[in-house]
Amino acid sequence: AFNGTWKVDRNENYEKFMEEMGINMVKRKLASHDNLKITVEQTGDKFHLKEVSTFRTVDIDFTLGVTFNYSMADGTELTGSWVMEGDTLKGTFTRNDNGKTLITTRKIIGDELVQCYCYEGVEAKRIFKRG
Ligand code: MYR
């Protein structure tokens with residue numbers, strides 16, 4: 001269901017979320033218009049993602065339930081894993097710099113992929129359409 005290419009269409013509360021994450025205003029402005037595009041290839045428990053944005057192009061490989069490291073576009077390192085809960089992908093990550101937790105989910109709603117982010121009680125969404 002997640003397979004394919006997804007282009008960000010709109011954000012909800014994303015700037016506030018980035019502010020809580022400690023991203024400065026200039027970077028927040030750039031990041032809210034990053035044209036993020038993710039291509040997902042799921043084979044059983046294994047995922048291969050290609051992330052393309054105005055900041056960078058990165059390939060990400062992970063297996064459900066297996067801890068891995070992820071560097072955010074600003075260099076912040078996260079450690080955590082994704083699991084499937086029903087039809088929802090749920091990611092639990094810890095920031096390596098401060099030990100705080102970031103929870104994220106991906107879910108298909110209608111013909112959109114909705115990614116939620118939660119950090120220190122601040123929630124945001126990025127909503128993607130098939131590209
Ligand atoms: C992936 O599946 O895309 C790789 C793992 C993603 C971990 C969570 C990503 C959170 C990125 C938050 C960016 C917000 C900038 C403040």
# chains A, B, ... in the order shown; residues from 1 in each chain; ligands from 1
$ select_by_dssp --residues "chain A" --states "alpha helix (DSSP H)" --output "PDB file with N, CA and C atoms, in the first residue's frame"
ATOM      1  N   TYR A  14       3.651  22.204  10.934  1.00  0.00           N
ATOM      2  CA  TYR A  14       5.023  21.713  10.765  1.00  0.00           C
ATOM      3  C   TYR A  14       6.059  22.733  11.251  1.00  0.00           C
ATOM      4  N   GLU A  15       5.765  24.021  11.035  1.00  0.00           N
ATOM      5  CA  GLU A  15       6.735  25.035  11.491  1.00  0.00           C
ATOM      6  C   GLU A  15       6.856  25.049  13.013  1.00  0.00           C
ATOM      7  N   LYS A  16       5.710  24.904  13.681  1.00  0.00           N
ATOM      8  CA  LYS A  16       5.710  24.864  15.150  1.00  0.00           C
ATOM      9  C   LYS A  16       6.500  23.646  15.647  1.00  0.00           C
ATOM     10  N   PHE A  17       6.279  22.526  14.966  1.00  0.00           N
ATOM     11  CA  PHE A  17       6.989  21.299  15.311  1.00  0.00           C
ATOM     12  C   PHE A  17       8.499  21.481  15.150  1.00  0.00           C
ATOM     13  N   MET A  18       8.895  22.075  14.031  1.00  0.00           N
ATOM     14  CA  MET A  18      10.333  22.279  13.797  1.00  0.00           C
ATOM     15  C   MET A  18      10.916  23.236  14.835  1.00  0.00           C
ATOM     16  N   GLU A  19      10.101  24.218  15.238  1.00  0.00           N
ATOM     17  CA  GLU A  19      10.561  25.152  16.264  1.00  0.00           C
ATOM     18  C   GLU A  19      10.850  24.395  17.557  1.00  0.00           C
ATOM     19  N   GLU A  20       9.932  23.483  17.924  1.00  0.00           N
ATOM     20  CA  GLU A  20      10.130  22.670  19.128  1.00  0.00           C
ATOM     21  C   GLU A  20      11.389  21.803  19.001  1.00  0.00           C
ATOM     22  N   MET A  25      14.719  29.823  12.404  1.00  0.00           N
ATOM     23  CA  MET A  25      13.642  30.305  11.549  1.00  0.00           C
ATOM     24  C   MET A  25      13.969  30.203  10.066  1.00  0.00           C
ATOM     25  N   VAL A  26      15.197  30.539   9.708  1.00  0.00           N
ATOM     26  CA  VAL A  26      15.560  30.500   8.291  1.00  0.00           C
ATOM     27  C   VAL A  26      15.426  29.070   7.755  1.00  0.00           C
ATOM     28  N   LYS A  27      15.955  28.120   8.531  1.00  0.00           N
ATOM     29  CA  LYS A  27      15.864  26.710   8.104  1.00  0.00           C
ATOM     30  C   LYS A  27      14.414  26.224   8.093  1.00  0.00           C
ATOM     31  N   ARG A  28      13.616  26.726   9.043  1.00  0.00           N
ATOM     32  CA  ARG A  28      12.185  26.320   9.065  1.00  0.00           C
ATOM     33  C   ARG A  28      11.484  26.772   7.802  1.00  0.00           C
ATOM     34  N   LYS A  29      11.771  28.005   7.383  1.00  0.00           N
ATOM     35  CA  LYS A  29      11.141  28.540   6.161  1.00  0.00           C
ATOM     36  C   LYS A  29      11.544  27.691   4.959  1.00  0.00           C
ATOM     37  N   LEU A  30      12.826  27.367   4.879  1.00  0.00           N
ATOM     38  CA  LEU A  30      13.297  26.544   3.759  1.00  0.00           C
ATOM     39  C   LEU A  30      12.682  25.145   3.827  1.00  0.00           C
ATOM     40  N   ALA A  31      12.638  24.596   5.050  1.00  0.00           N
ATOM     41  CA  ALA A  31      12.188  23.211   5.215  1.00  0.00           C
ATOM     42  C   ALA A  31      10.696  23.048   4.967  1.00  0.00           C
TER      43      ALA A  31
END
$ residues_near_ligand --ligand "ligand 1" --cutoff "7 Å" --atoms "only C-alpha atoms and all ligand atoms" --output "CSV table (one decimal) with N, CA, C and O atoms, in the first residue's frame"
chain,number,residue,atom,x,y,z
A,17,PHE,N,6.3,22.5,15.0
A,17,PHE,CA,7.0,21.3,15.3
A,17,PHE,C,8.5,21.5,15.2
A,17,PHE,O,9.3,21.1,16.0
A,18,MET,N,8.9,22.1,14.0
A,18,MET,CA,10.3,22.3,13.8
A,18,MET,C,10.9,23.2,14.8
A,18,MET,O,12.1,23.1,15.3
A,21,MET,N,11.7,21.4,17.8
A,21,MET,CA,12.8,20.6,17.5
A,21,MET,C,14.1,21.4,17.6
A,21,MET,O,15.2,20.9,17.5
A,23,ILE,N,14.9,23.9,15.4
A,23,ILE,CA,15.4,24.4,14.0
A,23,ILE,C,15.2,25.9,13.9
A,23,ILE,O,14.1,26.4,14.2
A,49,LEU,N,13.7,3.2,1.0
A,49,LEU,CA,13.2,4.5,0.7
A,49,LEU,C,14.2,5.4,0.0
A,49,LEU,O,15.4,5.3,0.4
A,60,ILE,N,17.5,5.1,2.2
A,60,ILE,CA,17.3,4.6,3.5
A,60,ILE,C,16.8,3.2,3.4
A,60,ILE,O,15.9,2.9,2.7
A,70,TYR,N,19.3,7.3,11.6
A,70,TYR,CA,18.8,8.2,10.5
A,70,TYR,C,19.3,9.6,10.8
A,70,TYR,O,19.2,10.1,11.9
A,72,MET,N,18.8,13.5,10.1
A,72,MET,CA,17.9,14.5,9.6
A,72,MET,C,18.7,15.4,8.6
A,72,MET,O,19.9,15.5,8.7
A,78,LEU,N,19.2,10.5,14.6
A,78,LEU,CA,18.1,9.7,15.4
A,78,LEU,C,18.4,8.3,15.3
A,78,LEU,O,19.0,7.8,14.4
A,91,GLY,N,6.9,4.8,13.9
A,91,GLY,CA,8.3,4.9,14.2
A,91,GLY,C,8.6,5.5,15.5
A,91,GLY,O,7.9,6.5,15.8
A,93,PHE,N,11.7,7.0,17.6
A,93,PHE,CA,13.1,7.4,17.4
A,93,PHE,C,13.5,8.2,18.6
A,93,PHE,O,12.7,9.0,19.2
A,104,THR,N,6.7,9.0,15.1
A,104,THR,CA,6.1,9.4,13.8
A,104,THR,C,5.3,8.2,13.2
A,104,THR,O,5.6,7.0,13.6
$ atom_distance --atom1 "atom CA of A:Ser32" --atom2 "atom CA of A:Arg130"
18.8 Å
$ residues_around --residues "A:Val52" --least-positions-apart "6" --cutoff "7 Å" --atoms "only C-alpha atoms" --output "count of residues only"
4
$ atom_distance --atom1 "atom CA of A:Val40" --atom2 "atom CA of A:Val122"
26.4 Å
$ select_by_dssp --residues "stretch 1-113 of chain A" --states "strand (DSSP E)" --output "JSON, numbers by chain"
{"A": [4, 5, 6, 7, 8, 9, 10, 11, 12, 37, 38, 39, 40, 41, 42, 43, 46, 47, 48, 49, 50, 51, 52, 57, 58, 59, 60, 61, 62, 63, 68, 69, 70, 71, 77, 78, 79, 80, 81, 82, 83, 84, 85, 88, 89, 90, 91, 92, 93, 94, 95, 101, 102, 103, 104, 105, 106, 107, 108, 109, 112, 113]}
$ closest_residue --among "A:Asn96, A:Thr39, A:Asn24, A:Thr76" --to "A:Trp6" --atoms "only C-alpha atoms"
A:Thr39
$ atom_distance --atom1 "atom CA of A:Arg106" --atom2 "atom CA of A:Leu64"
13.2 Å
$ closest_residue --among "A:Phe47, A:Ala1, A:Arg10, A:Lys90" --to "A:Lys125" --atoms "only C-alpha atoms"
A:Arg10
$ closest_residue --among "A:Gly44, A:Gly65, A:Gly131, A:Gly121" --to "A:Trp82" --atoms "only C-alpha atoms"
A:Gly65
$ residues_around --residues "A:His33" --least-positions-apart "6" --cutoff "10 Å" --atoms "only C-alpha atoms" --output "list of chain:residue names"
A:Val8, A:Asp9, A:Arg10, A:Asn11, A:Ser53, A:Thr54
$ closest_residue --among "A:Thr63, A:Asn69, A:Asn3, A:Asn13" --to "A:Ile127" --atoms "only C-alpha atoms"
A:Asn13
$ closest_residue --among "A:Arg56, A:Gly4, A:Ile103, A:Lys50" --to "A:Asp34" --atoms "only C-alpha atoms"
A:Arg56
$ closest_residue --among "A:Glu77, A:Cys116, A:Lys107, A:Thr5" --to "A:Glu51" --atoms "only C-alpha atoms"
A:Thr5
$ decode --residues "stretch 65-109 of chain A" --atoms "C-alpha atoms" --output "mmCIF file, in the first residue's frame"
data_model
loop_
_atom_site.group_PDB
_atom_site.id
_atom_site.type_symbol
_atom_site.label_atom_id
_atom_site.label_comp_id
_atom_site.auth_asym_id
_atom_site.auth_seq_id
_atom_site.Cartn_x
_atom_site.Cartn_y
_atom_site.Cartn_z
ATOM 1 C CA GLY A 65 11.391 -3.912 14.300
ATOM 2 C CA VAL A 66 15.108 -3.414 13.693
ATOM 3 C CA THR A 67 16.889 -0.353 15.116
ATOM 4 C CA PHE A 68 18.754 1.872 12.658
ATOM 5 C CA ASN A 69 20.255 5.352 12.499
ATOM 6 C CA TYR A 70 18.839 8.237 10.499
ATOM 7 C CA SER A 71 20.374 11.674 9.982
ATOM 8 C CA MET A 72 17.897 14.489 9.552
ATOM 9 C CA ALA A 73 18.561 17.072 6.842
ATOM 10 C CA ASP A 74 20.122 19.397 9.445
ATOM 11 C CA GLY A 75 22.490 16.681 10.668
ATOM 12 C CA THR A 76 20.575 15.717 13.826
ATOM 13 C CA GLU A 77 21.001 11.984 14.378
ATOM 14 C CA LEU A 78 18.104 9.746 15.368
ATOM 15 C CA THR A 79 18.128 6.102 16.439
ATOM 16 C CA GLY A 80 15.002 3.970 16.374
ATOM 17 C CA SER A 81 12.773 1.663 14.376
ATOM 18 C CA TRP A 82 9.511 1.296 12.534
ATOM 19 C CA VAL A 83 6.843 -1.294 13.328
ATOM 20 C CA MET A 84 3.498 -2.003 11.675
ATOM 21 C CA GLU A 85 0.421 -1.450 13.833
ATOM 22 C CA GLY A 86 -2.565 -2.570 11.774
ATOM 23 C CA ASP A 87 -2.341 -0.489 8.603
ATOM 24 C CA THR A 88 -0.153 2.151 10.230
ATOM 25 C CA LEU A 89 3.620 2.345 10.214
ATOM 26 C CA LYS A 90 4.797 3.610 13.573
ATOM 27 C CA GLY A 91 8.309 4.894 14.150
ATOM 28 C CA THR A 92 9.834 5.494 17.548
ATOM 29 C CA PHE A 93 13.101 7.401 17.408
ATOM 30 C CA THR A 94 15.413 8.954 19.974
ATOM 31 C CA ARG A 95 17.566 11.985 19.302
ATOM 32 C CA ASN A 96 21.199 11.093 19.841
ATOM 33 C CA ASP A 97 22.011 14.636 21.014
ATOM 34 C CA ASN A 98 19.446 15.016 23.819
ATOM 35 C CA GLY A 99 17.813 11.587 24.324
ATOM 36 C CA LYS A 100 14.317 12.924 23.622
ATOM 37 C CA THR A 101 11.773 10.855 21.723
ATOM 38 C CA LEU A 102 10.219 11.558 18.351
ATOM 39 C CA ILE A 103 7.204 9.462 17.381
ATOM 40 C CA THR A 104 6.121 9.375 13.752
ATOM 41 C CA THR A 105 3.422 7.463 11.889
ATOM 42 C CA ARG A 106 2.653 6.888 8.220
ATOM 43 C CA LYS A 107 -0.814 5.928 7.130
ATOM 44 C CA ILE A 108 -2.680 5.826 3.849
ATOM 45 C CA ILE A 109 -5.909 7.816 4.104
#
